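Student: Please read through the structure below; I'll follow up with questions.
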Amino acid sequence: MKTTVLIVEDEKVQRVVLAGDLQGRGFSVLEAESVDKALSVVSANTVEVVLSDLKLQGESGIDLVKKLRLVNPEISVVIMTAYATVETAVEAMKVGAYDFVTKPYNLDEMEMIIRRIIEKNNLTSEVRYLREQLSSINRLEGYITNSEKMEKVLDVASRVSPSKASVLIIGESGTGKELLARAIHYSGKRKDGMFVAVNCAALNENLLESELFGHEKGSFTGADRQHKGRFEIADGGTIFLDEIGDLPLHTQVKLLRILQEGEFERVGGSVTLSVDVRIIAATNKNIEELIKEDKFREDLYYRLNVVNIKIPPLRERKEDIPLLIDSFAAKYIKETDKKRIEFSKQAIDLLMKYNYPGNIRELENIVHHSIVLARGEIITSEDLPTGIRHPGSERPRGFAEEGGTLHEKVENLEKRLINDALYETNGNQSAAAKLLGMSERNLRYRLEKWGGK
């Protein structure tokens, strides 16, 4: 497949001449005269290299580099200018430009730069594969990253892991808070002890207290035997309290006592029990706001917040998307008859541009969904959920927007509806069939007919 180069130049003659020269050398070329137009072109096409003039009408080539880093950091930008200075060259490289060339440019040199970018992209893919293979011996089990922000998170996590200090992990839903908590546990001195996870928002108030601290026989209706709580089970290990912001106030008092003294009583019990448990808590809420609203104890917050780790959302660490795609693909390919599955350049490009409100959990769901529906060993953009192919709209396109016969239009619509149903049900074919009002056998027949398993 030809490498696509976008030329951003407000002088039409220079833009057309360079486009013709590069096309003659085997590249696919797109054109834009401004930063806004360039962003529109990148949004609608798979672009690997951008050649941008430094001085444009309105915003500059430097502005374009900054904005493209947010859209897709894997796009390489080369800045061109007739007014070269050391300062502007340094500024361009600082914001993320791949190279800086002066006008009039040498076409052979320009081609050589583009070829180097292609080689760099190929090498990056190989390194990504090797890093995936080495992930099991990474400094924090299960974590691989290309993101500077995540490197800082992992640095803090690796330094805190050998201690018993309480850790509060903050981040949006789906960012991997429990995975980080597990990594801290299994990288520390308590790795031979239990790692026990509790979702504080998933249980009602009465059940939560019993789950955390246990209960004695006869302590409430249905308590027909003694029950050990999660803190007892985690003795000598780590307990992970997810969604800590949903913990009821009276339960917060008991948790504070464990943090201060390591003691508690089971529900309905009078015997004081002692445990040695490390507490890692997580939340997607603003605890300081909850304190102001008298919904969270300030003294408990400071006890939990000895070390604070904030996980950035996936949209702020897009460098990790290709690594995560490879990792999830390796996980779910085992469910298919295929020996290998790869994502096309167009599919990767769309996945890089998407903003992931559901974060890593959503990306994993998308990869699983795409592998389930893959027609062959290459996942194309058509195998992706509708919301990825057409951001901002989950609705399938109407018949009028498609060519072909009526039969082809109906089949295309069926494919998209089934595609979306599988995405909604995380690849569960039984649930998808129920959602669509069809038999699972009928659904499987269509998937096999289209080449999916």
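FYI, nothing fancy with the structure tokens labels: chains A, B, ... in order, residues from 1 per chain, ligands from 1 as they appear.
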Return as a VMD selection string the full set of residues in stretch 74-261 of chain A whose backbone-based DSSP assignment is helix (DSSP H, G or I).
Tutor: chain A and resid 86 to 95 107 to 133 135 to 137 148 to 160 177 to 186 205 to 213 230 to 233 244 to 246 249 to 261
Student: Please produce an output containing C-alpha atoms for each residue in the selection, written as a CSV table (one decimal), in the first residue's frame.
Tutor:
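Now in out-v7.csv:
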chain,number,residue,atom,x,y,z
A,86,VAL,CA,18.0,27.8,14.9
A,87,GLU,CA,15.2,29.0,17.2
A,88,THR,CA,12.3,28.0,15.0
A,89,ALA,CA,14.0,24.6,14.2
A,90,VAL,CA,14.4,23.9,18.0
A,91,GLU,CA,10.8,25.0,18.7
A,92,ALA,CA,9.5,22.7,15.9
A,93,MET,CA,11.4,19.7,17.3
A,94,LYS,CA,10.4,20.4,20.8
A,95,VAL,CA,6.7,20.3,20.0
A,107,LEU,CA,13.5,16.6,-3.8
A,108,ASP,CA,15.9,13.7,-3.3
A,109,GLU,CA,16.5,14.8,0.3
A,110,MET,CA,12.7,15.1,0.8
A,111,GLU,CA,12.1,11.6,-0.5
A,112,MET,CA,14.9,10.3,1.7
A,113,ILE,CA,13.2,11.9,4.8
A,114,ILE,CA,9.9,10.3,3.9
A,115,ARG,CA,11.6,6.9,3.4
A,116,ARG,CA,13.3,7.3,6.8
A,117,ILE,CA,9.8,7.9,8.3
A,118,ILE,CA,8.5,4.8,6.7
A,119,GLU,CA,11.5,2.8,8.1
A,120,LYS,CA,10.9,4.3,11.5
A,121,ASN,CA,7.2,3.3,11.4
A,122,ASN,CA,8.2,-0.3,10.4
A,123,LEU,CA,10.8,-0.4,13.2
A,124,THR,CA,8.3,0.9,15.7
A,125,SER,CA,5.9,-1.9,14.8
A,126,GLU,CA,8.7,-4.5,15.4
A,127,VAL,CA,9.7,-2.9,18.7
A,128,ARG,CA,6.0,-2.9,19.7
A,129,TYR,CA,5.8,-6.6,19.1
A,130,LEU,CA,9.0,-7.3,21.0
A,131,ARG,CA,7.8,-5.2,24.0
A,132,GLU,CA,4.6,-7.2,24.0
A,133,GLN,CA,6.6,-10.4,24.2
A,135,SER,CA,5.7,-7.6,29.0
A,136,SER,CA,5.6,-10.5,31.5
A,137,ILE,CA,9.1,-9.5,32.8
A,148,GLU,CA,5.5,9.5,29.0
A,149,LYS,CA,2.6,10.2,31.3
A,150,MET,CA,2.2,6.4,32.1
A,151,GLU,CA,5.9,6.0,32.6
A,152,LYS,CA,5.6,8.6,35.4
A,153,VAL,CA,2.7,6.6,36.9
A,154,LEU,CA,4.6,3.4,36.7
A,155,ASP,CA,7.7,5.0,38.2
A,156,VAL,CA,5.6,6.1,41.3
A,157,ALA,CA,3.9,2.7,41.5
A,158,SER,CA,7.2,0.8,41.3
A,159,ARG,CA,8.7,2.9,44.1
A,160,VAL,CA,5.7,2.5,46.4
A,177,LYS,CA,-7.1,1.2,38.2
A,178,GLU,CA,-7.5,-2.4,39.4
A,179,LEU,CA,-4.8,-3.6,37.0
A,180,LEU,CA,-2.4,-1.0,38.5
A,181,ALA,CA,-3.4,-2.1,42.0
A,182,ARG,CA,-2.6,-5.7,41.1
A,183,ALA,CA,0.7,-4.7,39.6
A,184,ILE,CA,1.6,-2.8,42.8
A,185,HIS,CA,0.7,-5.9,44.9
A,186,TYR,CA,2.5,-8.5,42.8
A,205,GLU,CA,-24.9,-0.9,52.5
A,206,ASN,CA,-25.7,-4.0,54.6
A,207,LEU,CA,-24.1,-6.5,52.3
A,208,LEU,CA,-21.0,-4.3,51.9
A,209,GLU,CA,-20.3,-4.2,55.7
A,210,SER,CA,-20.7,-8.0,55.9
A,211,GLU,CA,-18.4,-8.6,52.9
A,212,LEU,CA,-15.7,-6.3,54.3
A,213,PHE,CA,-15.7,-7.4,57.9
A,230,ARG,CA,-12.6,-9.7,52.9
A,231,PHE,CA,-10.2,-8.2,55.4
A,232,GLU,CA,-9.7,-11.5,57.1
A,233,ILE,CA,-9.2,-13.2,53.8
A,244,ILE,CA,-14.2,4.1,47.6
A,245,GLY,CA,-16.2,7.3,47.1
A,246,ASP,CA,-19.4,5.3,47.4
A,249,LEU,CA,-20.2,7.1,56.3
A,250,HIS,CA,-20.6,4.6,59.1
A,251,THR,CA,-18.5,2.0,57.2
A,252,GLN,CA,-15.9,4.7,56.7
A,253,VAL,CA,-15.5,4.8,60.5
A,254,LYS,CA,-14.7,1.1,60.7
A,255,LEU,CA,-12.3,1.4,57.8
A,256,LEU,CA,-10.5,4.2,59.5
A,257,ARG,CA,-10.1,2.0,62.6
A,258,ILE,CA,-8.4,-0.7,60.5
A,259,LEU,CA,-6.1,1.8,59.0
A,260,GLN,CA,-5.1,3.2,62.4
A,261,GLU,CA,-5.1,0.1,64.6
Student: Would you work out the distance separating atom CA of A:Leu447 from atom CA of A:Ile341, expressed in Å to one decimal?
Tutor: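 Atom-to-atom, atom CA of A:Leu447 and atom CA of A:Ile341 are spaced 16.8 Å apart.
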Student: Got a sec to tell me which of stretch 54-230 of chain A DSSP assigns to strand (DSSP E), as number ranges by chain?
Tutor: A: 76-81, 99-102, 167-170, 195-199
Student: For A:Ile325, find every residue with an atom within 8 Å (counting only C-alpha atoms), except residues of its own chain fewer than 2 positions away, and show them as an MDAnalysis selection string.
Tutor: chainID A and resid 321:323 327:329 363:364 367
Student: Need the shell around A:Gly20: protein/DNA/RNA residues with any atom at most 12 Å away, counting only C-alpha atoms. Skip same-chain ones fewer than 5 positions apart. Format as a list in words?
Tutor: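 My list of contacting residues is Val5, Ile7, Val13, Gln14, Arg15, Arg25, Gly26, Phe27, Ser28, Val29, Leu30, Glu31 and Leu107 of chain A.
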Student: Write out as a PyMOL selection string each polymer residue whose atoms come within 8 Å of A:Ser76, counting only C-alpha atoms; drop sequence neighbours fewer than 3 positions from it.
Tutor: chain A and resi 48-50+73+97-98+117
Student: To one decimal place, how far is atom CA of A:Gly262 from atom CA of A:Val277 in Å?
Tutor: 7.7 Å
Student: Considering only C-alpha atoms, state which residue in the set A:Ala282, A:Leu304, A:Ile75, A:Leu290 is at the smallest distance from A:Lys353.
Tutor: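 Of the candidates, the smallest distance to A:Lys353 is held by A:Ile75.
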Student: Env of A:Leu64: 10 Å cut, atoms = only C-alpha atoms, seq-sep filter 6 positions within chain, self excluded. Answer as an MDAnalysis selection string.
Tutor: chainID A and resid 8 34:36 38:39 50 52:54 56 77 79 95 97
Student: For A:Ser147, list every protein, DNA or RNA residue within 7 Å, evaluated using only C-alpha atoms, and leave out those in the same chain fewer than 5 positions away; present the list as a ChimeraX atom specification.
Tutor: /A:317,319-320
